[in-house]
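This is target_33.txt (compact mmCIF, C-alpha atoms).
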```txt
# COMPACT_ATOMS: atom_id res chain seq x y z
CA MET A 1 113.12 -122.40 -138.52
CA ARG A 2 110.01 -122.09 -136.40
CA LEU A 3 111.66 -124.18 -133.68
CA SER A 4 114.65 -121.81 -133.64
CA LEU A 5 112.41 -118.75 -133.35
CA LEU A 6 110.48 -120.35 -130.49
CA THR A 7 113.68 -121.18 -128.65
CA PHE A 8 114.98 -117.64 -129.14
CA SER A 9 111.72 -116.19 -127.80
CA LEU A 10 111.87 -118.34 -124.66
CA ILE A 11 115.46 -117.29 -124.00
CA SER A 12 114.52 -113.61 -124.42
CA LEU A 13 111.59 -113.93 -122.01
CA THR A 14 113.78 -115.62 -119.41
CA ALA A 15 116.39 -112.86 -119.69
CA CYS A 16 113.76 -110.15 -119.33
CA SER A 17 112.27 -111.88 -116.33
CA GLY A 18 115.72 -112.03 -114.58
CA GLY A 19 116.38 -108.37 -115.35
CA GLY A 20 113.12 -107.40 -113.68
CA ASP A 21 114.09 -109.14 -110.39
CA SER A 22 117.52 -107.50 -110.26
CA SER A 23 115.98 -104.07 -110.79
CA LYS A 24 113.89 -104.52 -107.63
CA ALA A 25 116.88 -105.43 -105.40
CA PRO A 26 118.32 -101.90 -105.19
CA SER A 27 114.94 -100.62 -103.98
CA SER A 28 115.13 -103.03 -101.03
CA THR A 29 118.70 -101.88 -100.23
CA LYS A 30 117.66 -98.21 -100.33
CA ALA A 31 114.81 -98.94 -97.91
CA GLU A 32 117.20 -100.62 -95.44
CA LYS A 33 119.62 -97.66 -95.59
CA SER A 34 116.76 -95.21 -94.98
CA ALA A 35 115.61 -97.23 -91.95
CA THR A 36 119.17 -97.26 -90.54
CA LYS A 37 119.53 -93.48 -90.97
CA ALA A 38 116.19 -92.91 -89.27
CA ALA A 39 117.31 -94.96 -86.23
CA GLU A 40 120.74 -93.29 -85.86
CA PRO A 41 119.55 -89.87 -84.58
CA LYS A 42 117.82 -91.55 -81.64
CA LYS A 43 121.11 -93.09 -80.46
CA ALA A 44 122.93 -89.80 -80.87
CA ALA A 45 120.25 -87.97 -78.90
CA ALA A 46 120.78 -90.26 -75.90
CA ALA A 47 124.50 -89.47 -75.67
CA PRO A 48 124.21 -85.84 -74.42
CA VAL A 49 121.92 -86.97 -71.58
CA ALA A 50 124.52 -89.45 -70.34
CA GLU A 51 127.25 -86.82 -70.62
CA LYS A 52 125.26 -84.29 -68.58
CA ALA A 53 124.65 -86.85 -65.86
CA ALA A 54 128.37 -87.63 -65.69
CA GLU A 55 129.24 -83.92 -65.50
CA ALA A 56 126.93 -83.23 -62.53
CA PRO A 57 129.07 -81.56 -59.79
CA LYS A 58 129.81 -83.56 -56.63
CA GLU A 59 128.64 -82.17 -53.31
CA GLU A 60 131.40 -80.22 -51.63
CA ALA A 61 132.53 -81.19 -48.17
CA LYS A 62 131.01 -79.05 -45.43
CA PRO A 63 133.40 -76.89 -43.44
CA ALA A 64 134.44 -78.19 -40.03
CA ALA A 65 133.00 -76.65 -36.89
CA ASP A 66 134.96 -73.68 -35.53
CA GLY A 67 137.25 -73.88 -32.52
CA ALA A 68 134.77 -72.30 -30.12
CA ALA A 69 132.26 -75.07 -30.81
CA ALA A 70 134.94 -77.65 -29.94
CA ALA A 71 135.47 -76.27 -26.43
CA LYS A 72 134.34 -78.25 -23.41
CA PRO A 73 130.57 -77.81 -22.88
CA GLY A 74 129.78 -75.20 -20.25
CA VAL A 75 133.05 -73.32 -20.68
CA ALA A 76 132.61 -69.66 -21.64
CA ILE A 77 135.14 -68.58 -24.24
CA PRO A 78 136.18 -64.93 -23.78
CA GLU A 79 135.40 -62.67 -26.72
CA GLY A 80 138.41 -62.29 -28.99
CA ALA A 81 140.24 -65.25 -27.47
CA THR A 82 142.58 -67.35 -29.57
CA VAL A 83 140.93 -70.77 -29.69
CA VAL A 84 143.24 -73.78 -29.89
CA THR A 85 141.99 -77.37 -30.15
CA VAL A 86 144.25 -80.40 -29.78
CA ASN A 87 143.07 -83.99 -30.21
CA SER A 88 144.68 -86.99 -28.53
CA SER A 89 143.99 -90.68 -29.11
CA ASP A 90 144.36 -94.26 -27.93
CA ALA A 91 147.37 -94.43 -30.27
CA MET A 92 149.19 -92.21 -27.74
CA GLN A 93 149.45 -89.20 -30.04
CA TYR A 94 148.54 -85.53 -30.33
CA ASP A 95 147.30 -84.42 -33.75
CA VAL A 96 149.61 -81.36 -33.67
CA LYS A 97 153.29 -80.86 -33.04
CA GLU A 98 153.22 -77.07 -32.94
CA ILE A 99 150.91 -74.40 -31.50
CA ARG A 100 151.30 -70.71 -32.40
CA VAL A 101 149.76 -67.74 -30.57
CA LYS A 102 150.44 -64.04 -30.09
CA ALA A 103 152.20 -62.75 -26.99
CA GLY A 104 149.71 -61.55 -24.38
CA ALA A 105 146.72 -63.06 -26.20
CA LYS A 106 143.90 -64.67 -24.26
CA VAL A 107 144.08 -68.36 -25.19
CA ALA A 108 141.32 -70.97 -24.87
CA LEU A 109 143.01 -74.36 -25.19
CA THR A 110 140.84 -77.47 -25.48
CA LEU A 111 142.21 -81.00 -25.29
CA ASN A 112 139.99 -83.78 -26.65
CA HIS A 113 140.51 -87.52 -26.17
CA THR A 114 139.08 -89.19 -29.27
CA GLY A 115 139.80 -92.72 -28.06
CA LYS A 116 137.83 -95.13 -25.85
CA LEU A 117 140.28 -96.27 -23.19
CA PRO A 118 139.84 -94.93 -19.63
CA LYS A 119 142.31 -92.44 -18.21
CA THR A 120 143.74 -95.06 -15.85
CA ALA A 121 145.02 -96.96 -18.91
CA MET A 122 145.47 -94.25 -21.57
CA GLY A 123 145.06 -90.90 -19.85
CA HIS A 124 146.19 -87.71 -21.56
CA ASN A 125 146.79 -84.13 -20.50
CA LEU A 126 148.55 -81.18 -22.07
CA VAL A 127 151.10 -79.32 -20.00
CA ILE A 128 152.91 -76.19 -21.21
CA LEU A 129 156.20 -75.73 -19.41
CA ALA A 130 157.68 -72.38 -18.49
CA ALA A 131 160.84 -71.02 -20.10
CA GLY A 132 163.93 -72.56 -18.56
CA ALA A 133 162.07 -75.50 -17.01
CA ASP A 134 164.01 -78.75 -16.86
CA VAL A 135 161.82 -81.12 -18.88
CA MET A 136 163.28 -84.37 -17.55
CA THR A 137 163.10 -83.20 -13.94
CA PHE A 138 159.42 -82.37 -14.43
CA VAL A 139 158.64 -85.66 -16.22
CA THR A 140 160.40 -87.71 -13.53
CA ALA A 141 158.48 -85.97 -10.74
CA ALA A 142 155.20 -86.37 -12.66
CA THR A 143 155.58 -90.15 -12.86
CA SER A 144 154.80 -90.55 -9.16
CA ALA A 145 152.08 -87.86 -9.00
CA ALA A 146 148.99 -89.89 -9.99
CA ALA A 147 146.89 -88.18 -7.31
CA GLU A 148 147.65 -84.83 -8.95
CA ASP A 149 146.85 -85.89 -12.55
CA TYR A 150 150.61 -86.29 -13.04
CA VAL A 151 151.18 -82.54 -12.64
CA PRO A 152 153.06 -82.39 -9.31
CA LYS A 153 152.58 -79.34 -7.13
CA SER A 154 156.27 -79.52 -6.33
CA GLN A 155 156.88 -78.47 -9.96
CA ALA A 156 154.29 -75.67 -10.05
CA GLU A 157 156.89 -73.04 -10.98
CA SER A 158 157.77 -75.06 -14.09
CA VAL A 159 154.21 -74.99 -15.44
CA ILE A 160 152.46 -72.21 -17.39
CA VAL A 161 149.18 -74.11 -17.69
CA ALA A 162 147.94 -77.71 -17.70
CA THR A 163 144.67 -79.42 -18.58
CA LYS A 164 143.10 -82.10 -16.44
CA LEU A 165 143.93 -85.73 -17.12
CA ILE A 166 141.20 -87.13 -19.39
CA GLY A 167 140.15 -90.53 -20.75
CA GLY A 168 138.45 -91.67 -23.94
CA GLY A 169 135.53 -89.46 -25.01
CA GLU A 170 136.39 -86.68 -22.56
CA SER A 171 137.69 -83.14 -23.03
CA ASP A 172 138.98 -80.25 -20.97
CA THR A 173 139.42 -76.54 -21.69
CA VAL A 174 141.81 -74.14 -19.99
CA ILE A 175 141.91 -70.37 -20.49
CA PHE A 176 145.11 -68.41 -19.91
CA ASP A 177 147.19 -65.46 -21.08
CA ALA A 178 149.99 -66.27 -23.50
CA PRO A 179 153.44 -65.59 -22.03
CA ALA A 180 156.20 -63.47 -23.56
CA ALA A 181 157.43 -64.25 -27.04
CA GLY A 182 159.51 -67.40 -27.20
CA THR A 183 159.37 -71.14 -27.78
CA TYR A 184 158.04 -73.37 -25.00
CA GLU A 185 157.58 -77.12 -24.58
CA PHE A 186 154.20 -78.82 -24.30
CA LEU A 187 153.76 -82.47 -23.38
CA CYS A 188 151.60 -85.21 -21.89
CA SER A 189 152.86 -86.08 -18.41
CA PHE A 190 151.09 -89.47 -18.11
CA PRO A 191 153.83 -92.05 -17.39
CA GLY A 192 155.60 -93.16 -20.56
CA HIS A 193 153.85 -90.71 -22.90
CA TYR A 194 156.39 -87.88 -23.01
CA ALA A 195 158.65 -89.65 -25.53
CA ILE A 196 155.94 -89.37 -28.21
CA MET A 197 153.40 -86.82 -27.00
CA LYS A 198 155.22 -83.50 -27.10
CA GLY A 199 155.56 -80.39 -29.23
CA LYS A 200 156.40 -76.69 -29.40
CA PHE A 201 154.25 -73.85 -28.06
CA ILE A 202 155.45 -70.84 -30.05
CA VAL A 203 154.57 -67.33 -28.90
CA GLU A 204 155.18 -64.58 -31.46
```
I need this file expressed as structure tokens, please.
Amino acid sequence: MRLSLLTFSLISLTACSGGGDSSKAPSSTKAEKSATKAAEPKKAAAAPVAEKAAEAPKEEAKPAADGAAAAKPGVAIPEGATVVTVNSSDAMQYDVKEIRVKAGAKVALTLNHTGKLPKTAMGHNLVILAAGADVMTFVTAATSAAAEDYVPKSQAESVIVATKLIGGGESDTVIFDAPAAGTYEFLCSFPGHYAIMKGKFIVE
């Protein structure tokens, strides 16, 4: 009987001891959850900073220089003149196919050569032909007029205005009065360039 009571007491003590350990476990779990919650706000706080940095506006492109600034250095542009700038390149091209001005307006036309080749190899000019001019007759005569920048004097009546022949890195500005309303041809008269380098000069 005593042995049975002793055995029962030992079993009871063991059970109580195990119950005490399990009651401490939840406290440890609560502590871990509290630590996790305390760390979470710090991560959340960092997010808005990253978002603000990503939303910072990009610098806008600066506006291009005006036409007057693009004129050949030393050329005085008349007040109120219509400024026209045309760029040409080593790729044998103008950057415009059409020029529009008002009838009777004072026009300051600048031709730039943005390439590097010399004018003997890739020269460009800009010639505006008069109304009724025979384009092919002018182009044919220009081919043999190297001494005249390919703008032959024999065809003077066919020309409203023409820039000088220029090479890479050069520019030329001409100032003239726009003719009567109508559509005129402009072109480069350097041999072989007319097929590609041409456009319309429209006077309104």
How would you write as a PyMOL selection string the residues that get within 9 Å of (161.4, -76.7, -14.8) in the file's frame, counting all atoms listed in the file?
chain A and resi 129-138+155-159
In terms of the shortest atom-to-atom distance over only C-alpha atoms, which of A:Val107, A:Ala76, A:Gly123, A:Pro191 is closest to Thr140 in chain A?
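Closest candidate: A:Pro191.
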Find the residue from A:Thr82, A:Gln93, A:Asn125, A:Ser144 that sits nearest to Cys188 in chain A; use only C-alpha atoms when measuring.
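Of A:Thr82, A:Gln93, A:Asn125, A:Ser144, the one nearest Cys188 in chain A, counting only C-alpha atoms, is A:Asn125.
As for CA of Gly168 in chain A and CA of Ser89 in chain A, they are spaced 7.6 Å apart.
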If we count only C-alpha atoms, what is near range 175-178 of chain A at a cut-off of 7 Å, once residues fewer than 5 positions away on the same chain are taken out, given as a list in words?
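Contacts, with the query itself left out: Lys102, Ala103, Gly104, Ala105, Lys106, Val107, Ala108 and Leu109 of chain A.
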Excluding Val86 in chain A and any residue of its chain fewer than 6 positions from it, enumerate the residues within 9 Å of it, using all atoms listed in the file, and give them as a PDB file with C-alpha atoms, in the frame of the given file.
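See selection.pdb below for the written result:
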```pdb
ATOM      1  CA  TYR A  94     148.540 -85.530 -30.330  1.00  0.00           C
ATOM      2  CA  ASP A  95     147.300 -84.420 -33.750  1.00  0.00           C
ATOM      3  CA  VAL A  96     149.610 -81.360 -33.670  1.00  0.00           C
ATOM      4  CA  LEU A 109     143.010 -74.360 -25.190  1.00  0.00           C
ATOM      5  CA  THR A 110     140.840 -77.470 -25.480  1.00  0.00           C
ATOM      6  CA  LEU A 111     142.210 -81.000 -25.290  1.00  0.00           C
ATOM      7  CA  ASN A 112     139.990 -83.780 -26.650  1.00  0.00           C
ATOM      8  CA  HIS A 113     140.510 -87.520 -26.170  1.00  0.00           C
ATOM      9  CA  LEU A 126     148.550 -81.180 -22.070  1.00  0.00           C
TER      10      LEU A 126
END
```
Long-range neighbours of Lys198 in chain A as a PDB file with C-alpha atoms, in the coordinates of the input, 7 Å cut-off, only C-alpha atoms, 5 positions minimum in chain:
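Everything below was put into part_20.pdb:
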```pdb
ATOM      1  CA  LYS A  97     153.290 -80.860 -33.040  1.00  0.00           C
ATOM      2  CA  PHE A 186     154.200 -78.820 -24.300  1.00  0.00           C
ATOM      3  CA  LEU A 187     153.760 -82.470 -23.380  1.00  0.00           C
ATOM      4  CA  CYS A 188     151.600 -85.210 -21.890  1.00  0.00           C
TER       5      CYS A 188
END
```
Enter the distance from CA of Ala141 in chain A to CA of Val127 in chain A, in Å, rounded to one decimal.
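Taking CA of Ala141 in chain A as the start and CA of Val127 in chain A as the end point, the length is 13.6 Å.
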Which distance in Å separates CA of Ile166 in chain A and CA of Pro118 in chain A, to one decimal?
7.9 Å
Using all atoms listed in the file, which of A:Gly167, A:Ser154, A:Tyr184, A:Phe201 sits nearest Asn87 in chain A?
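Closest residue, counting all atoms listed in the file: A:Gly167.
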Padding 5 Å on each side, edges along x, y and z: where is the centre of the box around the listed atoms of range 190-198 of chain A, and how long are its edges in Å to one decimal? Output it as JSON.
```
{"center_x": 154.9, "center_y": -88.3, "center_z": -22.8, "size_x": 17.6, "size_y": 19.7, "size_z": 20.8}
```
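For the choices A:Val174, A:Gly115, A:Gly192, A:Thr120, the atom-to-atom distance to Ala81 in chain A is smallest for A:Val174 when using only C-alpha atoms.
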Residues near Pro152 in chain A, anyone? I mean within 6 Å using only C-alpha atoms, not counting same-chain ones fewer than 4 positions away, as a ChimeraX atom specification.
/A:142,145,148
